[in-house]
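Have a look at coords_14.txt; it's compact mmCIF, C-alpha atoms:
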```
# COMPACT_ATOMS: atom_id res chain seq x y z
CA MET A 1050 8.10 -4.79 11.54
CA LYS A 1051 4.60 -5.78 10.49
CA ARG A 1052 3.55 -6.02 14.09
CA PHE A 1053 4.92 -2.60 14.76
CA LEU A 1054 3.08 -1.21 11.78
CA GLY A 1055 -0.15 -2.63 13.01
CA PHE A 1056 0.45 -1.29 16.43
CA SER A 1057 1.40 2.11 15.16
CA LEU A 1058 -1.54 2.35 12.87
CA ALA A 1059 -3.83 1.26 15.59
CA LEU A 1060 -2.52 4.00 17.70
CA CYS A 1061 -3.17 6.28 14.82
CA LEU A 1062 -6.76 6.02 15.59
CA LEU A 1063 -5.99 8.05 18.49
CA ALA A 1064 -5.35 10.49 15.83
CA ALA A 1065 -8.31 12.56 16.50
CA PRO A 1066 -6.89 15.19 18.76
CA ALA A 1067 -8.05 16.25 22.02
CA ALA A 1068 -9.35 18.41 24.70
CA PRO A 1069 -9.66 18.49 28.44
CA ALA A 1070 -12.19 16.30 30.03
CA GLY A 1071 -12.97 17.30 33.57
CA ALA A 1072 -13.72 20.69 32.16
CA THR A 1073 -13.51 19.70 28.52
CA PRO A 1074 -13.30 22.67 26.14
CA TYR A 1075 -15.18 20.75 23.52
CA PRO A 1076 -18.89 21.29 23.03
CA PRO A 1077 -21.23 18.31 23.33
CA SER A 1078 -21.38 17.79 19.59
CA PHE A 1079 -18.69 18.54 17.02
CA ARG A 1080 -16.53 17.26 14.22
CA VAL A 1081 -12.81 17.80 13.96
CA GLN A 1082 -9.84 17.03 11.73
CA HIS A 1083 -6.27 16.72 12.94
CA ARG A 1084 -2.93 15.90 11.45
CA ILE A 1085 -1.46 13.24 13.68
CA THR A 1086 2.04 11.93 14.15
CA LEU A 1087 2.43 8.88 16.33
CA THR A 1088 5.72 7.81 17.74
CA VAL A 1089 5.94 4.28 19.06
CA LEU A 1090 9.28 2.97 20.27
CA GLY A 1091 11.15 5.48 18.14
CA ARG A 1092 9.21 4.92 14.93
CA GLN A 1093 6.62 7.26 13.49
CA VAL A 1094 3.51 7.15 11.39
CA ASP A 1095 1.44 10.13 10.37
CA PHE A 1096 -2.11 10.44 9.12
CA THR A 1097 -5.17 12.67 9.17
CA GLY A 1098 -7.64 11.96 11.94
CA TYR A 1099 -11.35 12.66 11.50
CA LEU A 1100 -13.58 12.55 14.57
CA LEU A 1101 -17.31 13.01 15.07
CA VAL A 1102 -18.70 13.34 18.58
CA GLY A 1103 -22.42 13.41 19.30
CA PRO A 1104 -24.21 14.84 22.32
CA SER A 1105 -25.06 11.37 23.62
CA GLY A 1106 -21.36 10.54 23.88
CA ALA A 1107 -21.36 8.52 20.69
CA TRP A 1108 -18.27 9.02 18.57
CA ARG A 1109 -16.82 7.91 15.32
CA ALA A 1110 -13.13 8.12 14.42
CA MET A 1111 -11.47 7.63 11.07
CA ALA A 1112 -7.91 7.88 9.82
CA PHE A 1113 -6.75 8.72 6.32
CA SER A 1114 -3.38 8.45 4.64
CA GLU A 1115 -1.88 11.51 3.00
CA PHE A 1116 -3.16 10.16 -0.30
CA GLY A 1117 -6.69 10.09 1.06
CA VAL A 1118 -7.18 6.39 1.56
CA GLY A 1119 -9.27 5.47 4.59
CA LEU A 1120 -7.22 3.41 7.02
CA PHE A 1121 -9.80 2.60 9.62
CA ASP A 1122 -13.17 3.59 11.00
CA ILE A 1123 -14.26 3.06 14.61
CA LEU A 1124 -17.70 3.57 16.08
CA ALA A 1125 -18.49 3.90 19.78
CA LEU A 1126 -22.03 4.11 21.11
CA PRO A 1127 -22.94 4.93 24.70
CA GLY A 1128 -22.91 1.86 26.91
CA LYS A 1129 -21.39 -0.33 24.23
CA ALA A 1130 -17.86 -1.36 23.42
CA PRO A 1131 -16.25 0.44 20.45
CA ARG A 1132 -16.54 -1.43 17.17
CA VAL A 1133 -14.29 -1.41 14.13
CA LEU A 1134 -16.29 -0.66 10.99
CA LYS A 1135 -13.35 -0.61 8.63
CA ASN A 1136 -9.75 -1.59 8.93
CA VAL A 1137 -7.82 -1.90 5.71
CA ALA A 1138 -4.44 -1.25 7.23
CA GLY A 1139 -4.04 -4.65 8.78
CA ILE A 1140 -4.13 -3.22 12.27
CA PRO A 1141 -5.30 -5.65 14.93
CA ASN A 1142 -8.84 -4.60 15.80
CA ALA A 1143 -8.03 -4.87 19.49
CA TYR A 1144 -5.55 -2.01 19.17
CA LEU A 1145 -8.27 0.15 17.73
CA THR A 1146 -10.97 -0.71 20.20
CA LYS A 1147 -8.72 -0.44 23.26
CA TRP A 1148 -5.73 1.83 22.79
CA ALA A 1149 -7.14 4.11 20.19
CA ALA A 1150 -10.53 4.32 21.82
CA ASP A 1151 -8.95 5.12 25.18
CA VAL A 1152 -6.93 7.95 23.74
CA ILE A 1153 -9.86 9.43 21.87
CA GLU A 1154 -12.05 9.35 24.94
CA ILE A 1155 -9.33 10.83 27.14
CA LEU A 1156 -8.81 13.70 24.79
CA PHE A 1157 -12.28 14.52 23.57
CA LEU A 1158 -14.94 13.22 25.87
CA PRO A 1159 -15.83 13.90 29.48
CA PRO A 1160 -14.29 11.31 31.82
CA PRO A 1161 -16.38 8.38 33.03
CA SER A 1162 -18.02 9.01 36.37
CA GLY A 1163 -15.61 8.38 39.21
CA GLU A 1164 -12.58 8.94 37.02
CA GLN A 1165 -10.54 12.09 37.09
CA GLY A 1166 -10.40 13.97 33.84
CA LEU A 1167 -8.08 16.53 32.38
CA ALA A 1168 -8.41 19.82 34.12
CA GLN A 1169 -5.08 21.53 33.99
CA ALA A 1170 -2.77 22.94 31.37
CA GLN A 1171 -0.53 19.90 31.62
CA PRO A 1172 -2.69 17.19 33.06
CA GLN A 1173 -2.00 13.56 33.59
CA VAL A 1174 -4.62 10.89 33.22
CA THR A 1175 -4.67 7.16 33.83
CA ARG A 1176 -6.76 4.90 31.66
CA ASN A 1177 -6.75 1.12 31.91
CA GLY A 1178 -3.57 1.25 33.97
CA VAL A 1179 -1.62 3.43 31.53
CA VAL A 1180 -0.57 6.91 32.62
CA TYR A 1181 -0.56 9.61 29.96
CA ASP A 1182 0.85 13.12 30.14
CA VAL A 1183 -1.27 15.47 28.09
CA ALA A 1184 -0.33 18.98 27.04
CA TYR A 1185 -2.60 21.39 25.17
CA SER A 1186 -1.42 24.60 23.59
CA ASP A 1187 -2.14 27.26 20.99
CA TYR A 1188 -5.80 27.75 21.87
CA ALA A 1189 -8.17 29.48 19.46
CA ALA A 1190 -11.82 30.47 19.47
CA PHE A 1191 -14.27 28.60 17.24
CA PRO A 1192 -17.69 30.22 17.70
CA PRO A 1193 -20.22 29.16 18.71
CA ALA A 1194 -18.15 26.81 20.86
CA PRO A 1195 -18.14 28.46 24.29
CA GLN A 1196 -14.53 27.68 25.07
CA LYS A 1197 -11.30 28.00 23.16
CA ILE A 1198 -10.04 24.84 21.50
CA PRO A 1199 -6.40 23.69 21.58
CA ARG A 1200 -4.75 23.64 18.18
CA HIS A 1201 -1.86 21.51 19.35
CA ILE A 1202 -2.02 18.46 21.57
CA VAL A 1203 0.67 16.14 22.83
CA LEU A 1204 -0.23 12.94 24.62
CA GLU A 1205 2.70 10.91 25.85
CA ASN A 1206 3.77 7.95 27.90
CA LYS A 1207 7.55 7.97 28.05
CA LYS A 1208 7.65 4.65 29.84
CA ILE A 1209 6.21 2.77 26.90
CA GLY A 1210 7.76 5.05 24.27
CA PHE A 1211 4.47 6.35 22.99
CA LYS A 1212 3.79 9.89 21.85
CA LEU A 1213 0.89 11.39 19.93
CA GLU A 1214 1.21 14.85 18.41
CA ALA A 1215 -1.95 16.34 16.96
CA ASP A 1216 -2.32 19.58 15.04
CA LEU A 1217 -5.79 20.93 14.44
CA LEU A 1218 -6.82 21.26 10.81
CA LYS A 1219 -10.51 22.00 11.13
CA PHE A 1220 -12.97 22.25 13.99
CA GLU A 1221 -16.74 22.57 13.64
CA PRO A 1222 -19.06 22.75 16.62
CA MET A 1223 -22.26 21.35 15.13
CA GLU A 1224 -25.12 18.95 15.52
CA ILE A 1225 -24.01 15.56 14.29
CA PRO A 1226 -26.92 13.68 12.68
CA GLY A 1227 -27.71 10.42 14.43
CA GLY A 1228 -27.31 8.57 11.16
CA TYR A 1229 -23.59 9.26 11.22
CA PHE A 1230 -23.30 6.86 14.10
CA HIS A 1231 -24.84 3.94 12.25
CA GLU A 1232 -22.80 1.28 10.53
CA MET B 909 4.23 -7.67 3.22
CA LYS B 910 1.60 -8.45 0.59
CA LYS B 911 -1.04 -6.65 2.60
CA GLY B 912 1.22 -3.65 3.02
CA LEU B 913 2.05 -3.68 -0.64
CA ILE B 914 -1.58 -3.68 -1.68
CA LEU B 915 -2.41 -0.88 0.68
CA SER B 916 0.58 1.15 -0.33
CA THR B 917 -0.24 0.58 -3.96
CA VAL B 918 -3.65 1.97 -3.36
CA PHE B 919 -2.22 5.02 -1.67
CA LEU B 920 0.41 5.67 -4.17
CA LEU B 921 -1.50 5.17 -7.30
CA PHE B 922 -3.26 8.33 -6.37
CA SER B 923 -0.17 10.29 -6.97
CA LEU B 924 0.46 9.10 -10.44
CA CYS B 925 -0.85 11.49 -12.83
CA GLY B 926 -1.61 14.76 -14.28
CA LYS B 927 -4.21 16.83 -16.12
CA SER B 928 -7.57 16.52 -17.76
CA ALA B 929 -10.35 14.02 -17.63
CA LEU B 930 -11.86 13.37 -14.25
CA ALA B 931 -13.99 10.36 -14.87
CA GLN B 932 -14.40 8.04 -17.73
CA GLU B 933 -18.00 9.13 -17.92
CA GLU B 934 -16.73 12.53 -18.98
CA ALA B 935 -14.06 11.08 -21.17
CA GLY B 936 -16.30 9.39 -23.67
CA HIS B 937 -16.53 5.94 -25.17
CA PRO B 938 -14.43 2.90 -24.41
CA LEU B 939 -11.83 1.95 -26.99
CA SER B 940 -11.77 -1.42 -28.62
CA PRO B 941 -8.93 -3.74 -27.58
CA GLY B 942 -6.98 -2.87 -30.70
CA GLU B 943 -7.53 0.85 -30.27
CA GLN B 944 -6.60 0.59 -26.63
CA LYS B 945 -3.34 -1.14 -27.44
CA ASP B 946 -2.43 1.59 -29.91
CA PHE B 947 -3.49 4.27 -27.45
CA LEU B 948 -1.35 2.88 -24.66
CA LEU B 949 1.65 2.65 -26.96
CA ARG B 950 1.16 6.29 -27.95
CA LEU B 951 0.70 7.25 -24.32
CA GLU B 952 3.87 5.43 -23.34
CA GLU B 953 5.79 7.22 -26.03
CA ASN B 954 4.47 10.61 -24.94
CA LEU B 955 4.86 10.11 -21.21
CA SER B 956 8.34 8.69 -21.49
CA ALA B 957 9.36 11.85 -23.37
CA SER B 958 8.80 13.83 -20.17
CA ARG B 959 11.97 13.33 -18.19
CA THR B 960 10.81 15.69 -15.48
CA ILE B 961 7.40 16.84 -14.30
CA GLN B 962 6.61 19.58 -11.81
CA ALA B 963 3.02 20.43 -10.92
CA LYS B 964 0.74 21.74 -8.25
CA PHE B 965 -2.05 19.55 -7.01
CA THR B 966 -5.32 19.79 -5.18
CA GLN B 967 -6.47 16.66 -3.44
CA GLU B 968 -10.03 16.29 -2.25
CA LYS B 969 -11.17 13.35 -0.20
CA LYS B 970 -14.96 13.20 -0.24
CA LEU B 971 -16.70 11.47 2.63
CA SER B 972 -20.04 10.58 1.13
CA LEU B 973 -21.79 9.58 4.33
CA PHE B 974 -20.84 12.75 6.20
CA ASN B 975 -21.26 15.27 3.40
CA ASP B 976 -17.77 16.50 4.12
CA ALA B 977 -14.38 16.66 2.49
CA LEU B 978 -10.72 16.75 3.42
CA VAL B 979 -8.88 19.02 1.03
CA SER B 980 -5.13 19.44 0.73
CA TYR B 981 -2.82 21.35 -1.59
CA GLY B 982 0.74 20.72 -2.58
CA THR B 983 3.39 20.21 -5.21
CA PHE B 984 4.54 17.17 -7.09
CA CYS B 985 7.89 16.59 -8.79
CA PHE B 986 9.11 13.64 -10.81
CA ALA B 987 12.43 13.02 -12.50
CA ALA B 988 12.96 9.92 -14.59
CA PRO B 989 13.69 7.23 -13.96
CA ASP B 990 13.09 6.93 -10.26
CA ARG B 991 12.91 10.19 -8.35
CA LEU B 992 9.67 11.48 -6.87
CA ARG B 993 8.67 14.25 -4.48
CA TRP B 994 5.17 14.63 -3.02
CA GLU B 995 4.80 17.66 -0.75
CA ILE B 996 1.60 18.76 0.92
CA ASN B 997 1.70 22.44 1.93
CA GLN B 998 -1.86 23.05 3.13
CA PRO B 999 -3.59 22.51 5.50
CA PHE B 1000 -0.54 20.76 6.94
CA HIS B 1001 3.03 20.29 5.80
CA SER B 1002 4.36 16.86 4.93
CA LEU B 1003 6.91 15.56 2.48
CA LEU B 1004 7.61 12.25 0.79
CA VAL B 1005 10.80 11.86 -1.26
CA LEU B 1006 11.88 8.90 -3.34
CA ASN B 1007 15.39 8.84 -4.77
CA GLY B 1008 16.24 5.51 -6.35
CA ARG B 1009 16.10 3.00 -3.51
CA GLU B 1010 16.08 5.71 -0.85
CA LEU B 1011 12.85 6.88 0.71
CA GLY B 1012 12.32 9.78 3.09
CA LYS B 1013 9.12 10.75 4.84
CA TYR B 1014 9.01 14.01 6.77
CA ASP B 1015 6.75 16.11 8.88
CA PHE B 1016 7.36 19.63 10.16
CA PRO B 1017 6.57 19.63 13.86
CA ASP B 1018 7.75 23.19 14.54
CA GLY B 1019 6.42 24.53 11.27
CA LYS B 1020 9.88 24.97 9.77
CA LYS B 1021 12.48 22.26 10.14
CA PRO B 1022 11.67 18.89 8.59
CA ARG B 1023 11.75 15.85 10.81
CA ARG B 1024 12.48 12.60 9.05
CA LEU B 1025 10.05 9.96 10.19
CA LYS B 1026 11.25 6.47 10.89
CA PHE B 1027 8.49 5.00 8.85
CA PRO B 1028 7.80 1.34 9.65
CA ALA B 1029 6.42 0.31 6.26
CA ALA B 1030 9.23 1.77 4.18
CA ASP B 1031 9.86 -1.36 2.13
CA ALA B 1032 6.29 -1.66 0.93
CA LEU B 1033 6.09 2.06 0.27
CA LEU B 1034 9.32 1.95 -1.69
CA GLU B 1035 8.01 -0.87 -3.82
CA VAL B 1036 4.90 0.99 -4.69
CA LEU B 1037 6.63 4.28 -5.39
CA HIS B 1038 8.65 2.47 -7.97
CA GLN B 1039 5.40 1.28 -9.51
CA ILE B 1040 4.40 4.90 -9.73
CA THR B 1041 7.55 5.94 -11.44
CA ASP B 1042 6.91 3.14 -13.94
CA ILE B 1043 3.53 4.61 -14.71
CA HIS B 1044 4.88 8.12 -15.04
CA GLN B 1045 7.05 6.81 -17.77
CA GLY B 1046 4.12 5.11 -19.42
CA ASN B 1047 5.19 1.63 -18.49
CA PHE B 1048 1.66 0.28 -18.21
CA THR B 1049 2.71 -3.25 -18.96
CA ALA B 1050 4.05 -3.48 -15.45
CA GLN B 1051 0.59 -2.68 -14.07
CA GLU B 1052 -1.29 -5.30 -16.05
CA LYS B 1053 -0.69 -7.91 -13.39
CA TYR B 1054 -2.40 -5.72 -10.80
CA TYR B 1055 -5.24 -4.14 -12.80
CA ASP B 1056 -7.69 -4.66 -15.61
CA MET B 1057 -7.30 -1.61 -17.82
CA ARG B 1058 -9.80 0.21 -19.95
CA VAL B 1059 -9.24 3.35 -21.95
CA TYR B 1060 -12.01 5.86 -22.61
CA GLU B 1061 -11.73 8.61 -25.17
CA GLY B 1062 -13.80 11.71 -25.76
CA LYS B 1063 -12.85 15.33 -25.30
CA THR B 1064 -10.11 13.95 -23.15
CA ALA B 1065 -8.83 10.47 -22.53
CA SER B 1066 -8.75 8.47 -19.36
CA LEU B 1067 -7.43 5.17 -18.23
CA VAL B 1068 -9.51 3.19 -15.78
CA LEU B 1069 -7.77 0.66 -13.58
CA VAL B 1070 -9.83 -2.00 -11.85
CA PRO B 1071 -7.93 -4.02 -9.24
CA LYS B 1072 -7.54 -7.72 -9.91
CA ASP B 1073 -6.65 -8.67 -6.37
CA ALA B 1074 -9.77 -9.57 -4.40
CA LYS B 1075 -8.55 -7.86 -1.26
CA MET B 1076 -7.70 -4.65 -3.01
CA LYS B 1077 -10.97 -4.85 -4.90
CA GLY B 1078 -12.71 -4.85 -1.57
CA ILE B 1079 -11.21 -1.43 -0.88
CA ILE B 1080 -10.91 0.25 -4.24
CA GLN B 1081 -13.58 -0.01 -6.88
CA LYS B 1082 -11.51 1.67 -9.57
CA ILE B 1083 -8.88 4.29 -10.28
CA GLU B 1084 -9.44 6.76 -13.08
CA ILE B 1085 -6.46 8.52 -14.57
CA GLY B 1086 -7.20 11.50 -16.80
CA PHE B 1087 -4.69 12.79 -19.29
CA SER B 1088 -3.92 16.15 -20.81
CA PRO B 1089 -5.28 16.77 -24.31
CA ALA B 1090 -1.76 16.38 -25.66
CA LEU B 1091 -1.52 13.03 -23.85
CA ASN B 1092 1.82 14.02 -22.40
CA SER B 1093 0.92 14.34 -18.74
CA VAL B 1094 -1.59 13.25 -16.17
CA ALA B 1095 -4.32 15.75 -15.42
CA SER B 1096 -6.24 13.98 -12.69
CA VAL B 1097 -6.47 10.86 -10.62
CA ALA B 1098 -9.72 9.74 -9.08
CA ILE B 1099 -9.88 6.88 -6.64
CA ARG B 1100 -13.36 5.46 -6.22
CA GLU B 1101 -13.68 3.46 -3.05
CA ASN B 1102 -16.33 0.92 -2.30
CA GLY B 1103 -18.92 2.58 -0.13
CA GLY B 1104 -19.01 5.83 -2.07
CA ASP B 1105 -15.97 7.70 -0.77
CA SER B 1106 -13.56 9.03 -3.31
CA THR B 1107 -10.30 10.92 -3.61
CA VAL B 1108 -9.72 13.22 -6.55
CA ILE B 1109 -6.34 14.74 -7.29
CA LEU B 1110 -6.22 17.53 -9.84
CA PHE B 1111 -2.90 18.63 -11.23
CA SER B 1112 -2.28 22.15 -12.48
CA ASP B 1113 0.52 24.44 -13.65
CA ASP B 1114 2.48 21.45 -14.76
CA ARG B 1115 5.89 21.98 -16.29
CA LEU B 1116 7.43 19.23 -18.35
CA ASN B 1117 11.14 18.74 -18.87
CA SER B 1118 12.16 21.76 -16.84
CA ARG B 1119 15.39 21.49 -14.93
CA LEU B 1120 14.73 20.27 -11.41
CA PRO B 1121 17.51 20.75 -8.86
CA ASP B 1122 18.88 17.58 -7.35
CA SER B 1123 18.23 19.07 -3.94
CA LEU B 1124 14.52 18.48 -4.45
CA PHE B 1125 15.12 14.77 -4.30
CA GLU B 1126 17.71 14.64 -1.54
CA VAL B 1127 16.90 12.21 1.22
CA GLN B 1128 18.57 13.45 4.37
```

Output the file's structure in the form of structure tokens.
Amino acid sequence: MKRFLGFSLALCLLAAPAAPAGATPYPPSFRVQHRITLTVLGRQVDFTGYLLVGPSGAWRAMAFSEFGVGLFDILALPGKAPRVLKNVAGIPNAYLTKWAADVIEILFLPPPSGEQGLAQAQPQVTRNGVVYDVAYSDYAAFPPAPQKIPRHIVLENKKIGFKLEADLLKFEPMEIPGGYFHE
Amino acid sequence: MKKGLILSTVFLLFSLCGKSALAQEEAGHPLSPGEQKDFLLRLEENLSASRTIQAKFTQEKKLSLFNDALVSYGTFCFAAPDRLRWEINQPFHSLLVLNGRELGKYDFPDGKKPRRLKFPAADALLEVLHQITDIHQGNFTAQEKYYDMRVYEGKTASLVLVPKDAKMKGIIQKIEIGFSPALNSVASVAIRENGGDSTVILFSDDRLNSRLPDSLFEVQ
């Protein structure tokens, strides 16, 4: 049970919802809030995901319980492995820096060079050997972002019983100060 | 289990109270140990007289580093001795229901029908929710093993809880519970985290001892 909780919460990091990569709808710099429900092997956890993405590709992802408590905080800088800045939920850090980071990058950042990104309405993407089906829907305009942003995202791997559902709460295309990406 | 309990306690303490002072700085001077004992006895008497509570709440999570906030709105219901309903309506819809030893957590994936979540940490959450119901009834004695308590009194009164557990102390600096002027309900709950973040829950439109339908607390 405890292990599952840790796993689930780790996955929660993924919480920050997504957007296509190959032709990602997201601007280079933004912050976004999502309500996330993660299903892992038939069990669910929900939380609010908070994601900051900077133009350099740096990102920072946090998760909060419905009572506002911060569950975890992950920082990723270009060319460096993601780091866990805070983890009070007892989630193994490796879940956050691998699974969660993969999902965040799949959904919100352009794909690494040589890797195929998300370019269709119902794309599929493989990251670290895991295949995910991703579906975006309910797009809306958020000026000055040039493209519409999906308000609902589902990322799923039926084989491993994993599903992430993300509903957009707030999206702000904006310059993210560099200081936000410091520990 | 202990880790989960601590975390859940932190989460759930937020939902405890009801209506006036926000921080002890606004609430005035600290009471002496003798005054505090008398105050808590009076508070217990008043709070336990409220067999039901229904209120709206606004919850604001302030992220100090990012100059940003996560704000949510909802309703809160309590029926003594052990029924609790915490429903967030905006900007998303979620529901938490405690009915005795039963606990239900729901989301609303299609915007209408509730989906009961198979929540993995139900036992720890259940334990903590019962702590909350204790506090709603003014049973502060039960919290003394978890917190150092200090009462401040001024225009309004507040109870400040400082965690005793080192691990919890590393997360939460203190929890401030503000009370209504009549000391019969909780007006606010402020959670001050280490690092400067905070969560403030303000209760409004509270109704005490109104009849609450059993259906509010059904766990299906």

Checklist entry - Which residue gives the smallest distance to Arg950 in chain B among B:Gly1012, B:Leu1091, B:Thr983, B:Asp1042, with only C-alpha atoms counted? => result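 Checking each candidate against Arg950 in chain B, we get B:Leu1091 as the closest.
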
Item to check | Contacts of range 1051-1062 of chain B within 7 Å, all atoms listed in the file, excl. fewer than 4 positions in-chain, as an MDAnalysis selection string | outcome: chainID B and resid 932 935:939 944 1066:1073

For the selection you just gave me, I'd like the residues written to a file as a CSV table (one decimal), keeping the file's coordinate frame, keeping C-alpha atoms.
```
chain,number,residue,atom,x,y,z
B,932,GLN,CA,-14.4,8.0,-17.7
B,935,ALA,CA,-14.1,11.1,-21.2
B,936,GLY,CA,-16.3,9.4,-23.7
B,937,HIS,CA,-16.5,5.9,-25.2
B,938,PRO,CA,-14.4,2.9,-24.4
B,939,LEU,CA,-11.8,2.0,-27.0
B,944,GLN,CA,-6.6,0.6,-26.6
B,1066,SER,CA,-8.8,8.5,-19.4
B,1067,LEU,CA,-7.4,5.2,-18.2
B,1068,VAL,CA,-9.5,3.2,-15.8
B,1069,LEU,CA,-7.8,0.7,-13.6
B,1070,VAL,CA,-9.8,-2.0,-11.8
B,1071,PRO,CA,-7.9,-4.0,-9.2
B,1072,LYS,CA,-7.5,-7.7,-9.9
B,1073,ASP,CA,-6.6,-8.7,-6.4
```

Next on the checklist: Just want the 12 Å neighbourhood of Ser1093 in chain B, counted on only C-alpha atoms, with same-chain residues fewer than 5 positions away dropped. Output as a ChimeraX atom specification.
Outcome noted: /B:924-929,951-963,986,1043-1046,1064-1066,1085-1088,1110-1117

Next on the checklist: At a cut-off of 6 Å, which residues of chain B touch chain A? Count only C-alpha atoms and give the answer as a ChimeraX atom specification.
Outcome noted: /B:919,969,1025-1028,1107

Checklist entry - Near Val1179 in chain A, within 10 Å and counting all atoms listed in the file, which residues show up once chain neighbours fewer than 2 positions away are dropped, as a list in words? => result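 The residues that qualify are Trp1148, Asp1151, Val1174, Thr1175, Arg1176, Asn1177, Tyr1181, Asn1206, Lys1208 and Ile1209 of chain A.
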
Could you please take those selected residues and save C-alpha atoms as a tab-separated table (two decimals), in the frame of the given file?
```
chain	number	residue	atom	x	y	z
A	1148	TRP	CA	-5.73	1.83	22.79
A	1151	ASP	CA	-8.95	5.12	25.18
A	1174	VAL	CA	-4.62	10.89	33.22
A	1175	THR	CA	-4.67	7.16	33.83
A	1176	ARG	CA	-6.76	4.90	31.66
A	1177	ASN	CA	-6.75	1.12	31.91
A	1181	TYR	CA	-0.56	9.61	29.96
A	1206	ASN	CA	3.77	7.95	27.90
A	1208	LYS	CA	7.65	4.65	29.84
A	1209	ILE	CA	6.21	2.77	26.90
```

Item to check | Shortest interatomic distance to Arg991 in chain B - which of B:Glu968, B:Glu1126, B:Asp1031, B:Asp946, counting all atoms listed in the file | outcome: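 That would be B:Glu1126, the residue with the smallest distance to Arg991 in chain B.
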
Item to check | Point-to-point distance from CA of Ser1078 in chain A to CA of Glu1224 in chain A, Å rounded to tenths | outcome: 5.6 Å

Checklist entry - So what do you get for CA of Ser1096 in chain B versus CA of Ile1083 in chain B, distance-wise? => result 10.3 Å

Checklist entry - Taking all atoms listed in the file into account, which of B:Ser940, B:Asn1102, B:Asn1007, B:Ser980 comes nearest Arg993 in chain B? => result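 When distances to Arg993 in chain B are compared using all atoms listed in the file, the smallest one comes from B:Asn1007.
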
Next on the checklist: So, with only C-alpha atoms as the atoms that count, which of B:Ile1099, B:Ile996, B:Leu1037, B:Ile1079 lies closest to Lys964 in chain B?
Outcome noted: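 Answer, going by the shortest atom-to-atom distance: B:Ile996.
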
Next on the checklist: Which residue is closest to Ala1095 in chain B? Choose from B:Ile1109, B:Ala988, B:Gly942, B:Pro1017 and count all atoms listed in the file.
Outcome noted: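 So, comparing all the options, the nearest one is B:Ile1109.
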
Next on the checklist: To one decimal place in Å, what is the distance between CA of Pro999 in chain B and CA of Gly982 in chain B?
Outcome noted: 9.3 Å

Checklist entry - Counting only C-alpha atoms, which of B:Glu943, B:Asp990, B:Asp1105, B:Glu995 gets nearest to Tyr1014 in chain B? => result B:Glu995

Because the input lacks atoms here, generate N, CA and C atoms for range 1097-1108 of chain B and report them as a tab-separated table (two decimals), in the frame of the given file.
```tsv
chain	number	residue	atom	x	y	z
B	1097	VAL	N	-6.37	12.24	-11.09
B	1097	VAL	CA	-6.47	10.86	-10.62
B	1097	VAL	C	-7.66	10.80	-9.68
B	1098	ALA	N	-8.56	9.90	-9.95
B	1098	ALA	CA	-9.72	9.74	-9.08
B	1098	ALA	C	-9.75	8.32	-8.56
B	1099	ILE	N	-9.80	8.20	-7.27
B	1099	ILE	CA	-9.88	6.88	-6.64
B	1099	ILE	C	-11.29	6.69	-6.12
B	1100	ARG	N	-12.00	5.74	-6.65
B	1100	ARG	CA	-13.36	5.46	-6.22
B	1100	ARG	C	-13.33	4.26	-5.27
B	1101	GLU	N	-13.68	4.54	-4.03
B	1101	GLU	CA	-13.68	3.46	-3.05
B	1101	GLU	C	-15.04	2.79	-2.98
B	1102	ASN	N	-15.05	1.57	-2.55
B	1102	ASN	CA	-16.33	0.92	-2.30
B	1102	ASN	C	-16.97	1.62	-1.11
B	1103	GLY	N	-18.26	1.87	-1.21
B	1103	GLY	CA	-18.92	2.58	-0.13
B	1103	GLY	C	-19.20	4.03	-0.48
B	1104	GLY	N	-18.65	4.50	-1.61
B	1104	GLY	CA	-19.01	5.83	-2.07
B	1104	GLY	C	-17.98	6.92	-1.83
B	1105	ASP	N	-17.00	6.68	-0.97
B	1105	ASP	CA	-15.97	7.70	-0.77
B	1105	ASP	C	-15.06	7.76	-2.00
B	1106	SER	N	-14.47	8.92	-2.18
B	1106	SER	CA	-13.56	9.03	-3.31
B	1106	SER	C	-12.47	10.05	-3.00
B	1107	THR	N	-11.37	9.92	-3.70
B	1107	THR	CA	-10.30	10.92	-3.61
B	1107	THR	C	-10.00	11.38	-5.02
B	1108	VAL	N	-10.02	12.68	-5.22
B	1108	VAL	CA	-9.72	13.22	-6.55
B	1108	VAL	C	-8.51	14.14	-6.44
```
